[in-house]
>>> print(open('coords.cif').read())   # mmCIF, C-alpha atoms
data_start
#
loop_
_atom_site.group_PDB
_atom_site.id
_atom_site.type_symbol
_atom_site.label_atom_id
_atom_site.label_comp_id
_atom_site.auth_asym_id
_atom_site.auth_seq_id
_atom_site.Cartn_x
_atom_site.Cartn_y
_atom_site.Cartn_z
ATOM 1 C CA MET A 1 21.364 81.618 54.814
ATOM 2 C CA ALA A 2 23.431 78.681 55.983
ATOM 3 C CA PHE A 3 27.173 78.747 56.377
ATOM 4 C CA PRO A 4 28.857 77.211 53.315
ATOM 5 C CA ASP A 5 30.729 74.138 54.523
ATOM 6 C CA ASP A 6 32.401 73.817 51.128
ATOM 7 C CA ILE A 7 34.863 76.607 52.035
ATOM 8 C CA LEU A 8 36.496 74.383 54.644
ATOM 9 C CA THR A 9 39.711 72.555 53.846
ATOM 10 C CA ARG A 10 40.048 68.768 54.043
ATOM 11 C CA ASP A 11 41.172 68.564 57.656
ATOM 12 C CA GLU A 12 39.430 71.677 58.965
ATOM 13 C CA GLU A 13 36.619 71.319 61.502
ATOM 14 C CA VAL A 14 34.075 73.839 62.748
ATOM 15 C CA VAL A 15 34.542 74.484 66.467
ATOM 16 C CA LEU A 16 31.974 77.284 66.911
ATOM 17 C CA HIS A 17 29.342 78.653 64.548
ATOM 18 C CA LEU A 18 27.631 81.766 65.886
ATOM 19 C CA HIS A 19 25.350 84.582 64.775
ATOM 20 C CA PRO A 20 25.196 87.959 66.523
ATOM 21 C CA HIS A 21 23.466 87.780 69.897
ATOM 22 C CA TRP A 22 19.682 88.218 70.014
ATOM 23 C CA VAL A 23 20.236 91.398 71.989
ATOM 24 C CA SER A 24 21.169 93.104 68.713
ATOM 25 C CA LEU A 25 17.490 92.830 67.734
ATOM 26 C CA ILE A 26 16.070 94.746 70.715
ATOM 27 C CA VAL A 27 16.282 98.183 69.095
ATOM 28 C CA PRO A 28 14.836 96.953 65.752
ATOM 29 C CA ALA A 29 11.957 95.343 67.697
ATOM 30 C CA LEU A 30 11.271 98.632 69.456
ATOM 31 C CA TRP A 31 11.286 100.461 66.105
ATOM 32 C CA THR A 32 8.826 97.904 64.755
ATOM 33 C CA VAL A 33 6.469 98.481 67.687
ATOM 34 C CA ALA A 34 6.785 102.253 67.227
ATOM 35 C CA ALA A 35 5.970 101.944 63.514
ATOM 36 C CA MET A 36 2.925 99.815 64.312
ATOM 37 C CA LEU A 37 1.704 102.365 66.857
ATOM 38 C CA PHE A 38 2.247 105.121 64.285
ATOM 39 C CA ALA A 39 0.163 103.139 61.787
ATOM 40 C CA VAL A 40 -2.667 102.511 64.244
ATOM 41 C CA PHE A 41 -2.851 106.113 65.423
ATOM 42 C CA GLY A 42 -2.398 107.474 61.910
ATOM 43 C CA VAL A 43 -5.211 105.358 60.464
ATOM 44 C CA PHE A 44 -7.696 105.926 63.300
ATOM 45 C CA PHE A 45 -7.007 109.620 63.797
ATOM 46 C CA ALA A 46 -6.723 110.687 60.166
ATOM 47 C CA PRO A 47 -8.844 113.766 59.453
ATOM 48 C CA GLY A 48 -12.201 113.086 57.882
ATOM 49 C CA GLY A 49 -13.375 114.074 54.467
ATOM 50 C CA PHE A 50 -12.009 113.370 51.025
ATOM 51 C CA VAL A 51 -8.365 113.253 52.268
ATOM 52 C CA GLN A 52 -8.978 110.549 54.856
ATOM 53 C CA LYS A 53 -8.296 107.531 52.624
ATOM 54 C CA PRO A 54 -5.127 108.986 50.968
ATOM 55 C CA ILE A 55 -3.710 109.937 54.384
ATOM 56 C CA GLN A 56 -4.483 106.483 55.788
ATOM 57 C CA TYR A 57 -2.795 104.804 52.822
ATOM 58 C CA LEU A 58 0.201 107.108 53.159
ATOM 59 C CA VAL A 59 0.487 106.347 56.886
ATOM 60 C CA LEU A 60 0.292 102.603 56.199
ATOM 61 C CA LEU A 61 2.883 102.868 53.428
ATOM 62 C CA VAL A 62 5.291 104.811 55.662
ATOM 63 C CA ALA A 63 4.726 102.352 58.538
ATOM 64 C CA LEU A 64 5.354 99.328 56.317
ATOM 65 C CA GLY A 65 8.524 100.939 54.953
ATOM 66 C CA ALA A 66 9.727 101.678 58.481
ATOM 67 C CA ILE A 67 8.965 98.124 59.618
ATOM 68 C CA ALA A 68 10.833 96.701 56.632
ATOM 69 C CA TYR A 69 13.853 98.992 56.987
ATOM 70 C CA LEU A 70 14.105 99.272 60.766
ATOM 71 C CA GLY A 71 12.786 95.849 61.791
ATOM 72 C CA VAL A 72 13.023 93.205 59.089
ATOM 73 C CA LEU A 73 16.333 94.284 57.522
ATOM 74 C CA PRO A 74 18.331 94.126 60.796
ATOM 75 C CA TRP A 75 16.809 90.712 61.496
ATOM 76 C CA LEU A 76 17.892 89.459 58.058
ATOM 77 C CA ARG A 77 21.370 90.925 58.618
ATOM 78 C CA GLN A 78 21.561 89.054 61.919
ATOM 79 C CA LEU A 79 20.577 85.796 60.227
ATOM 80 C CA THR A 80 23.129 86.214 57.435
ATOM 81 C CA THR A 81 26.063 87.156 59.681
ATOM 82 C CA HIS A 82 28.249 84.208 60.619
ATOM 83 C CA TYR A 83 31.108 84.114 63.124
ATOM 84 C CA VAL A 84 32.738 80.722 62.627
ATOM 85 C CA VAL A 85 35.757 79.464 64.555
ATOM 86 C CA THR A 86 37.371 76.478 62.870
ATOM 87 C CA SER A 87 40.367 74.418 63.847
ATOM 88 C CA GLN A 88 42.540 76.648 61.617
ATOM 89 C CA ARG A 89 40.929 80.084 61.262
ATOM 90 C CA LEU A 90 38.254 82.558 62.200
ATOM 91 C CA VAL A 91 35.743 83.009 59.380
ATOM 92 C CA ILE A 92 33.507 86.086 59.290
ATOM 93 C CA ARG A 93 30.746 86.301 56.696
ATOM 94 C CA GLU A 94 28.332 89.238 56.606
ATOM 95 C CA GLY A 95 25.818 90.664 54.212
ATOM 96 C CA LEU A 96 22.411 90.106 52.774
ATOM 97 C CA VAL A 97 22.837 90.950 49.097
ATOM 98 C CA THR A 98 26.496 91.883 48.974
ATOM 99 C CA ARG A 99 28.543 89.378 50.943
ATOM 100 C CA VAL A 100 31.657 90.444 52.799
ATOM 101 C CA GLY A 101 33.982 87.779 54.067
ATOM 102 C CA ARG A 102 37.117 87.812 56.126
ATOM 103 C CA ASP A 103 39.260 84.855 57.107
ATOM 104 C CA ILE A 104 41.834 85.228 59.851
ATOM 105 C CA PRO A 105 44.228 82.309 60.275
ATOM 106 C CA LEU A 106 44.701 81.348 63.916
ATOM 107 C CA ALA A 107 48.433 81.739 63.388
ATOM 108 C CA TRP A 108 47.862 85.486 62.922
ATOM 109 C CA LEU A 109 45.997 85.992 66.199
ATOM 110 C CA GLY A 110 47.856 88.212 68.605
ATOM 111 C CA ALA A 111 45.198 88.818 71.236
ATOM 112 C CA ALA A 112 41.456 88.549 71.657
ATOM 113 C CA THR A 113 39.988 91.058 74.091
ATOM 114 C CA ILE A 114 36.388 91.190 75.253
ATOM 115 C CA GLN A 115 34.470 94.350 76.124
ATOM 116 C CA GLN A 116 31.155 94.115 77.947
ATOM 117 C CA SER A 117 28.727 96.560 79.495
ATOM 118 C CA LEU A 118 26.802 95.546 82.599
ATOM 119 C CA PHE A 119 23.781 94.616 80.477
ATOM 120 C CA GLU A 120 25.937 92.596 78.054
ATOM 121 C CA ARG A 121 27.469 90.716 80.980
ATOM 122 C CA ALA A 122 23.972 89.858 82.201
ATOM 123 C CA VAL A 123 22.891 88.424 78.828
ATOM 124 C CA GLY A 124 26.262 86.882 77.907
ATOM 125 C CA SER A 125 27.229 88.954 74.895
ATOM 126 C CA GLY A 126 29.877 91.550 74.151
ATOM 127 C CA ARG A 127 32.386 92.950 71.722
ATOM 128 C CA LEU A 128 35.358 90.865 70.679
ATOM 129 C CA VAL A 129 38.434 92.853 69.656
ATOM 130 C CA ILE A 130 40.887 90.667 67.771
ATOM 131 C CA GLU A 131 44.434 91.921 67.288
ATOM 132 C CA THR A 132 46.279 90.256 64.454
ATOM 133 C CA THR A 133 50.054 90.204 64.106
ATOM 134 C CA GLY A 134 50.874 93.061 61.786
ATOM 135 C CA ARG A 135 47.576 92.880 59.927
ATOM 136 C CA GLY A 136 45.271 95.167 61.933
ATOM 137 C CA ARG A 137 42.368 94.591 64.236
ATOM 138 C CA VAL A 138 38.883 93.223 63.836
ATOM 139 C CA VAL A 139 35.960 94.166 66.076
ATOM 140 C CA LEU A 140 32.958 91.844 66.275
ATOM 141 C CA SER A 141 29.866 93.240 67.982
ATOM 142 C CA CYS A 142 27.156 91.381 69.880
ATOM 143 C CA VAL A 143 29.057 88.104 70.036
ATOM 144 C CA PRO A 144 27.130 85.505 72.062
ATOM 145 C CA HIS A 145 28.923 83.404 74.679
ATOM 146 C CA ILE A 146 31.782 85.885 74.462
ATOM 147 C CA GLU A 147 33.962 84.301 77.159
ATOM 148 C CA ARG A 148 33.704 80.850 75.581
ATOM 149 C CA VAL A 149 34.640 82.312 72.180
ATOM 150 C CA GLN A 150 37.680 84.055 73.674
ATOM 151 C CA GLU A 151 38.768 80.858 75.453
ATOM 152 C CA ASN A 152 38.373 78.748 72.305
ATOM 153 C CA LEU A 153 40.363 81.235 70.230
ATOM 154 C CA ALA A 154 43.135 81.275 72.838
ATOM 155 C CA GLU A 155 43.268 77.467 73.009
ATOM 156 C CA LEU A 156 43.275 77.044 69.234
ATOM 157 C CA ALA A 157 45.880 79.772 68.640
ATOM 158 C CA ALA A 158 48.221 78.605 71.431
ATOM 159 C CA PRO A 159 50.114 75.990 69.338
ATOM 160 C CA TYR A 160 50.885 78.606 66.677
ATOM 161 C CA GLN A 161 51.990 81.184 69.216
ATOM 162 C CA ALA A 162 54.158 78.654 71.055
ATOM 163 C CA ARG A 163 55.996 77.848 67.846
ATOM 164 C CA GLY A 164 56.179 81.492 66.783
ATOM 165 C CA ARG A 165 54.942 80.492 63.350
ATOM 166 C CA THR A 166 52.734 82.478 61.016
ATOM 167 C CA ASP A 167 51.923 79.651 58.623
ATOM 168 C CA TYR A 168 49.699 76.621 58.827
ATOM 169 C CA PRO A 169 51.118 73.293 59.917
ATOM 170 C CA ASN A 170 49.879 71.538 56.785
ATOM 171 C CA GLY A 171 50.757 74.392 54.394
ATOM 172 C CA ASP A 172 47.188 74.898 53.100
ATOM 173 C CA TYR A 173 47.312 78.671 53.163
#
>>> encode(input="coords.cif", output="structure tokens")
Amino acid sequence: MAFPDDILTRDEEVVLHLHPHWVSLIVPALWTVAAMLFAVFGVFFAPGGFVQKPIQYLVLLVALGAIAYLGVLPWLRQLTTHYVVTSQRLVIREGLVTRVGRDIPLAWLGAATIQQSLFERAVGSGRLVIETTGRGRVVLSCVPHIERVQENLAELAAPYQARGRTDYPNGDY
């Protein structure tokens, strides 16, 4: 699902448009392989006799359900999750059927902290913890190009923080 450009204001521009890092799909891929192995072994090693076909069909049904739930669904979630940094706000859209959206004006940004394991540093992803002024914190997992995202947020929020303002310069929000 594409990001809806019609939610942008007149003078707002997209700076970064990201999806969660591909590393978030490693575990679902492993589950998919495990479900396939289960299906192969279950079909070939089903006991003989009159129960062989029902057991094989049951094994295939369970394997297909596991592949759909543990492999395909996380992939679809990854495709439908958008982290968008615009010239005025951070837009987060998540969800396959039920959409959840959160917009954080850059004027509200207090700090953006990155957290990375050794593996995440090697692949260039990490967690982004965003502190907002008096409005809580937001944690984004598996953010690709995490350092570039943090730098862009800091650069874009700097004019608001320098002025000490919590509103937009053009009064749109």
>>> closest_residue(input="coords.cif", among="A:Pro20, A:Glu155, A:Gly101, A:Pro74", to="Cys142 of chain A", atoms="only C-alpha atoms")
A:Pro20
>>> residues_around(input="coords.cif", residues="Ile146 of chain A", least_positions_apart="5", cutoff="9 Å", atoms="all atoms listed in the file", output="ChimeraX atom specification")
/A:114,116,124-128,151
>>> closest_residue(input="coords.cif", among="A:Phe44, A:Trp108, A:Phe50, A:Trp75", to="Arg89 of chain A", atoms="all atoms listed in the file")
A:Trp108
>>> residues_around(input="coords.cif", residues="Thr98 of chain A", least_positions_apart="6", cutoff="12 Å", atoms="all atoms listed in the file", output="list in words")
Arg77, Thr80 and Thr81 of chain A
>>> write_last_selection(input="coords.cif", atoms="C-alpha atoms", output="compact mmCIF listing (two decimals), in the coordinates of the input")
# COMPACT_ATOMS: atom_id res chain seq x y z
CA ARG A 77 21.37 90.92 58.62
CA THR A 80 23.13 86.21 57.44
CA THR A 81 26.06 87.16 59.68
>>> resolve_selection(input="coords.cif", expression="the PyMOL selection byres ((chain A and resi 26) around 12)", output="PDB file with C-alpha atoms, keeping the file's coordinate frame")
ATOM      1  CA  HIS A  21      23.466  87.780  69.897  1.00  0.00           C
ATOM      2  CA  TRP A  22      19.682  88.218  70.014  1.00  0.00           C
ATOM      3  CA  VAL A  23      20.236  91.398  71.989  1.00  0.00           C
ATOM      4  CA  SER A  24      21.169  93.104  68.713  1.00  0.00           C
ATOM      5  CA  LEU A  25      17.490  92.830  67.734  1.00  0.00           C
ATOM      6  CA  VAL A  27      16.282  98.183  69.095  1.00  0.00           C
ATOM      7  CA  PRO A  28      14.836  96.953  65.752  1.00  0.00           C
ATOM      8  CA  ALA A  29      11.957  95.343  67.697  1.00  0.00           C
ATOM      9  CA  LEU A  30      11.271  98.632  69.456  1.00  0.00           C
ATOM     10  CA  TRP A  31      11.286 100.461  66.105  1.00  0.00           C
ATOM     11  CA  THR A  32       8.826  97.904  64.755  1.00  0.00           C
ATOM     12  CA  VAL A  33       6.469  98.481  67.687  1.00  0.00           C
ATOM     13  CA  LEU A  70      14.105  99.272  60.766  1.00  0.00           C
ATOM     14  CA  GLY A  71      12.786  95.849  61.791  1.00  0.00           C
ATOM     15  CA  PRO A  74      18.331  94.126  60.796  1.00  0.00           C
ATOM     16  CA  TRP A  75      16.809  90.712  61.496  1.00  0.00           C
ATOM     17  CA  GLN A  78      21.561  89.054  61.919  1.00  0.00           C
ATOM     18  CA  CYS A 142      27.156  91.381  69.880  1.00  0.00           C
TER      19      CYS A 142
END
>>> resolve_selection(input="coords.cif", expression="the PyMOL selection byres ((chain A and resi 132) around 12)", output="list of chain:residue names")
A:Arg89, A:Leu90, A:Asp103, A:Ile104, A:Pro105, A:Leu106, A:Ala107, A:Trp108, A:Leu109, A:Gly110, A:Ala111, A:Ala112, A:Thr113, A:Val129, A:Ile130, A:Glu131, A:Thr133, A:Gly134, A:Arg135, A:Gly136, A:Arg137, A:Val138, A:Val139, A:Ala157, A:Gln161, A:Thr166
>>> atom_distance(input="coords.cif", atom1="atom CA of Leu79 of chain A", atom2="atom CA of Leu118 of chain A")
25.2 Å
>>> axis_aligned_box(input="coords.cif", around="segment 96-108 of chain A", padding_each_side="8 Å", output="lines of an AutoDock Vina configuration file")
center_x = 35.4
center_y = 86.6
center_z = 56.4
size_x = 42.0
size_y = 26.5
size_z = 30.9
>>> atom_distance(input="coords.cif", atom1="atom CA of Leu64 of chain A", atom2="atom CA of Phe41 of chain A")
14.0 Å
>>> resolve_selection(input="coords.cif", expression="the PyMOL selection byres ((chain A and resi 7-13) around 6)", output="count of residues only")
5
